[in-house]
Amino acid sequence: MSDFARQQADFQRGILTGDDTVLTEILDSPREKRETLYGVYRYAYGSRLVEALRNDHALLHSYLGDEAFDEMGHAYVKARPSEHPNLRWFSQGLPEFLRSAEPYCNHPVLADLAALEKALNDAFDAAEGPVLELTAMASFAPEQWNDLKFQPHLSATRLDLSTNASAVWLALKNDETPPDAAKLEEPARILVWRQDTTPMFRELAPEEAMMWDEAASGIPFGVLCEMLATYDDPDGAAARGAGYLHGWITSGNLTAVST
Amino acid sequence: MNVASRLPNSPAALGRPLQSDKPPFLGFGLGLRAQHYDEILSGNPPIDWFEVISENYMLPGGQPLRVLDRICERYPVVMHGVSLSIASTAPPNFEYLQGLKDLAVRVEPKWISDHLCWTGVHGKNLHDLLPIPYTNEALDHVVSRVQLVQDFLGRAIVLENVSTYVQFNNSEMTEWEFLAELSRRSGCWLLFDINNVYVSAFNHGYDPMTFLNGIPADRVVQFHMAGHSHMGTHIIDTHDHPVCEDVWDLYVAAIKRFGRVSTMIERDANIPPLDELLVEVNRTREIAEKVLAQLDKNLGKQAR
């Protein structure tokens, strides 16, 4: 290892771990000691990354308050140093961290709230793609419908929340007092997508969520309707399937349909 | 990673600096910030050009890139990165470089700049503009890295002096000697951040004019003007305040030395309304016109 590389490794280790080895190679300034001057980098590191978390998770920040959020943020910074050159992606691991690390894992609403914010952030700058219009459906003859396959918009994602995090999110977004955190008997099935430039989410009924997940994996419309028939009234399955599909298209959730 | 295979017959492979025309004078600009998107797009404010933070647009899609496209239709744009990590001893990050190159195809920037610094090694990124020792070893390393990046991007890059808080005891030259030699050997242009010169000069106890006079006048293609936070014994480059009077004075000196240089106001935090920043942009313009007119007048007198 070159002397330059060794020095950079020492400098970085001093910031990440508090090791003082590099101080032997740093000069005092005319007005200040080297510990204080090097400390500018140490302080800036943590505060900059926590600030990035605040930006990406404004409602989690609002939910926890400054002190608790920053404590959590510094714990995340320590546990998951950034490995990507773009600060945009630093917070990607936060939901998983909150789901697995003490004491946050004891409050699953935190991981769920972070997961919802992450999904909305990801939808915000997801790749562009065409939005399927209802008129495109008119080009298919009735006998073709059973074979139709649907492609979700690149911004669309699904997540299941085990808590009432979506209600907490909505209250915080509207500057209202959030409800007490609660574990749900059945997970909330959330669909997140971008409408024009605005990230959106809505909760799906279990049947619609099942159909979305299967459609997203390439299952054709005819088979989807057979699946719906096992969920509820078999006679109304095709109509329910068409109704869900109509909702997806008018909301801009799909990018293409093909046979 | 096979670097040579990515750069066949490149000037760097042949040990030559990449030759590139000096970027044009753009006038007096501003750093583009999301807080001002609506006002800029609805009002066409009198700003000559915008500098955009490259990483803010190295994204898959969505509103930031759509806004950027509209800005590029109306204004000249310069790309300014914070993660090139040109002085890092870690291997080059070709994924990052490809992202930068792809964005440049979209933006068609007048130039691409970043900082003379490093941001991390061993797979970590500290998201800070970290200082280097001014040694011959470091200079050789950065020159070769600049040449590699320039060959990859197919254009000369522009590098900015950063604010520093520490100096290393193994430095063998001054920062300005390092920058001058880096520019001469690699062919890169220089972005002279006047606030950063002021900050570093105070922190390390030298005269900012010595720095200014040590930079080759013909290599500087851009000025940054910004504010900082004074801590008494040292200054922190927070870019969250208006430009202070001392830095305005140094700007006058910089114009006298470097002449007509594309100049912009850079505010990164505590972002004020656009009108407030326009006052500072206008001041950069007024001062430059006044100083340059005086210089022309003096030259005219000498010619007589």
# chains A, B, ... in the order shown; residues from 1 in each chain; ligands from 1
call {"tool": "residues_around", "arguments": {"residues": "Gly18 (chain A)", "least_positions_apart": "5", "cutoff": "10 Å", "atoms": "only C-alpha atoms", "output": "PyMOL selection string"}}
result
chain A and resi 11-13+39+42
call {"tool": "interface_residues", "arguments": {"of": "chain B", "to": "chain A", "cutoff": "7 Å", "atoms": "only C-alpha atoms", "output": "PyMOL selection string"}}
result
chain B and resi 55+59-63+83+89+120-121+123-126+128+138+165-169+203-205+233
call {"tool": "residues_around", "arguments": {"residues": "Leu60 (chain A)", "least_positions_apart": "2", "cutoff": "8 Å", "atoms": "only C-alpha atoms", "output": "list in words"}}
result
His57, Ala58, Ser62, Tyr63, Leu64, Phe69, Leu110, Leu113 and Ala114 of chain A
call {"tool": "residues_around", "arguments": {"residues": "region 179-189 of chain B", "least_positions_apart": "4", "cutoff": "7 Å", "atoms": "only C-alpha atoms", "output": "PyMOL selection string"}}
result
chain B and resi 17-19+139+143+146-147+156-159+175+215-216+219-221
call {"tool": "select_by_dssp", "arguments": {"residues": "region 27-200 of chain A", "states": "alpha helix (DSSP H)", "output": "MDAnalysis selection string"}}
result
chainID A and resid 34:56 58:64 66:79 94:100 108:124 134:137 165:173
call {"tool": "select_by_dssp", "arguments": {"residues": "region 54-167 of chain A", "states": "strand (DSSP E or B)", "output": "ChimeraX atom specification"}}
result
/A:149-152,157-163
call {"tool": "write_last_selection", "arguments": {"atoms": "C-alpha atoms", "output": "JSON list (two decimals), in the first residue's frame"}}
result
[["chain", "number", "residue", "atom", "x", "y", "z"],
["A", 149, "LYS", "CA", -50.85, -9.89, -19.72],
["A", 150, "PHE", "CA", -50.14, -6.67, -17.86],
["A", 151, "GLN", "CA", -46.91, -4.87, -17.11],
["A", 152, "PRO", "CA", -46.82, -2.65, -14.01],
["A", 157, "THR", "CA", -44.33, -1.37, -6.06],
["A", 158, "ARG", "CA", -46.25, -3.39, -3.50],
["A", 159, "LEU", "CA", -45.52, -3.71, 0.18],
["A", 160, "ASP", "CA", -47.25, -5.35, 3.10],
["A", 161, "LEU", "CA", -47.32, -3.48, 6.40],
["A", 162, "SER", "CA", -47.90, -5.35, 9.64],
["A", 163, "THR", "CA", -48.91, -2.21, 11.51]]
call {"tool": "decode", "arguments": {"residues": "region 165-209 of chain B", "atoms": "C-alpha atoms", "output": "PDB file, in the first residue's frame"}}
result
ATOM      1  CA  TYR B 165      -9.538  22.353   8.025  1.00  0.00           C
ATOM      2  CA  VAL B 166      -6.311  20.399   8.391  1.00  0.00           C
ATOM      3  CA  GLN B 167      -2.882  20.329   6.804  1.00  0.00           C
ATOM      4  CA  PHE B 168      -0.647  17.265   6.666  1.00  0.00           C
ATOM      5  CA  ASN B 169       2.923  17.336   7.953  1.00  0.00           C
ATOM      6  CA  ASN B 170       4.211  15.462   4.894  1.00  0.00           C
ATOM      7  CA  SER B 171       3.109  18.060   2.320  1.00  0.00           C
ATOM      8  CA  GLU B 172       5.932  19.007  -0.011  1.00  0.00           C
ATOM      9  CA  MET B 173       4.292  21.946  -1.770  1.00  0.00           C
ATOM     10  CA  THR B 174       1.490  24.460  -1.289  1.00  0.00           C
ATOM     11  CA  GLU B 175      -2.069  23.867  -2.401  1.00  0.00           C
ATOM     12  CA  TRP B 176      -1.735  26.423  -5.181  1.00  0.00           C
ATOM     13  CA  GLU B 177       1.482  24.846  -6.417  1.00  0.00           C
ATOM     14  CA  PHE B 178      -0.313  21.491  -6.434  1.00  0.00           C
ATOM     15  CA  LEU B 179      -3.303  22.880  -8.365  1.00  0.00           C
ATOM     16  CA  ALA B 180      -1.105  24.699 -10.872  1.00  0.00           C
ATOM     17  CA  GLU B 181       0.967  21.611 -11.551  1.00  0.00           C
ATOM     18  CA  LEU B 182      -2.109  19.370 -11.708  1.00  0.00           C
ATOM     19  CA  SER B 183      -3.692  21.633 -14.299  1.00  0.00           C
ATOM     20  CA  ARG B 184      -0.500  21.906 -16.332  1.00  0.00           C
ATOM     21  CA  ARG B 185       0.201  18.169 -16.381  1.00  0.00           C
ATOM     22  CA  SER B 186      -3.337  16.812 -16.800  1.00  0.00           C
ATOM     23  CA  GLY B 187      -4.927  19.540 -18.914  1.00  0.00           C
ATOM     24  CA  CYS B 188      -7.803  19.983 -16.471  1.00  0.00           C
ATOM     25  CA  TRP B 189      -9.243  23.454 -15.963  1.00  0.00           C
ATOM     26  CA  LEU B 190      -9.718  25.090 -12.573  1.00  0.00           C
ATOM     27  CA  LEU B 191     -12.804  26.227 -10.716  1.00  0.00           C
ATOM     28  CA  PHE B 192     -11.592  28.860  -8.293  1.00  0.00           C
ATOM     29  CA  ASP B 193     -13.862  28.921  -5.257  1.00  0.00           C
ATOM     30  CA  ILE B 194     -13.141  32.301  -3.749  1.00  0.00           C
ATOM     31  CA  ASN B 195     -14.870  31.511  -0.469  1.00  0.00           C
ATOM     32  CA  ASN B 196     -12.899  28.280  -0.139  1.00  0.00           C
ATOM     33  CA  VAL B 197      -9.640  30.161  -0.639  1.00  0.00           C
ATOM     34  CA  TYR B 198     -10.700  32.590   2.087  1.00  0.00           C
ATOM     35  CA  VAL B 199     -11.704  29.737   4.439  1.00  0.00           C
ATOM     36  CA  SER B 200      -8.553  27.686   3.905  1.00  0.00           C
ATOM     37  CA  ALA B 201      -6.300  30.761   4.156  1.00  0.00           C
ATOM     38  CA  PHE B 202      -7.830  31.692   7.510  1.00  0.00           C
ATOM     39  CA  ASN B 203      -7.732  28.128   8.801  1.00  0.00           C
ATOM     40  CA  HIS B 204      -4.092  27.614   7.895  1.00  0.00           C
ATOM     41  CA  GLY B 205      -2.826  31.127   8.500  1.00  0.00           C
ATOM     42  CA  TYR B 206      -1.717  32.279   5.067  1.00  0.00           C
ATOM     43  CA  ASP B 207      -2.607  35.261   2.907  1.00  0.00           C
ATOM     44  CA  PRO B 208      -5.384  34.412   0.428  1.00  0.00           C
ATOM     45  CA  MET B 209      -3.663  36.714  -2.062  1.00  0.00           C
TER      46      MET B 209
END
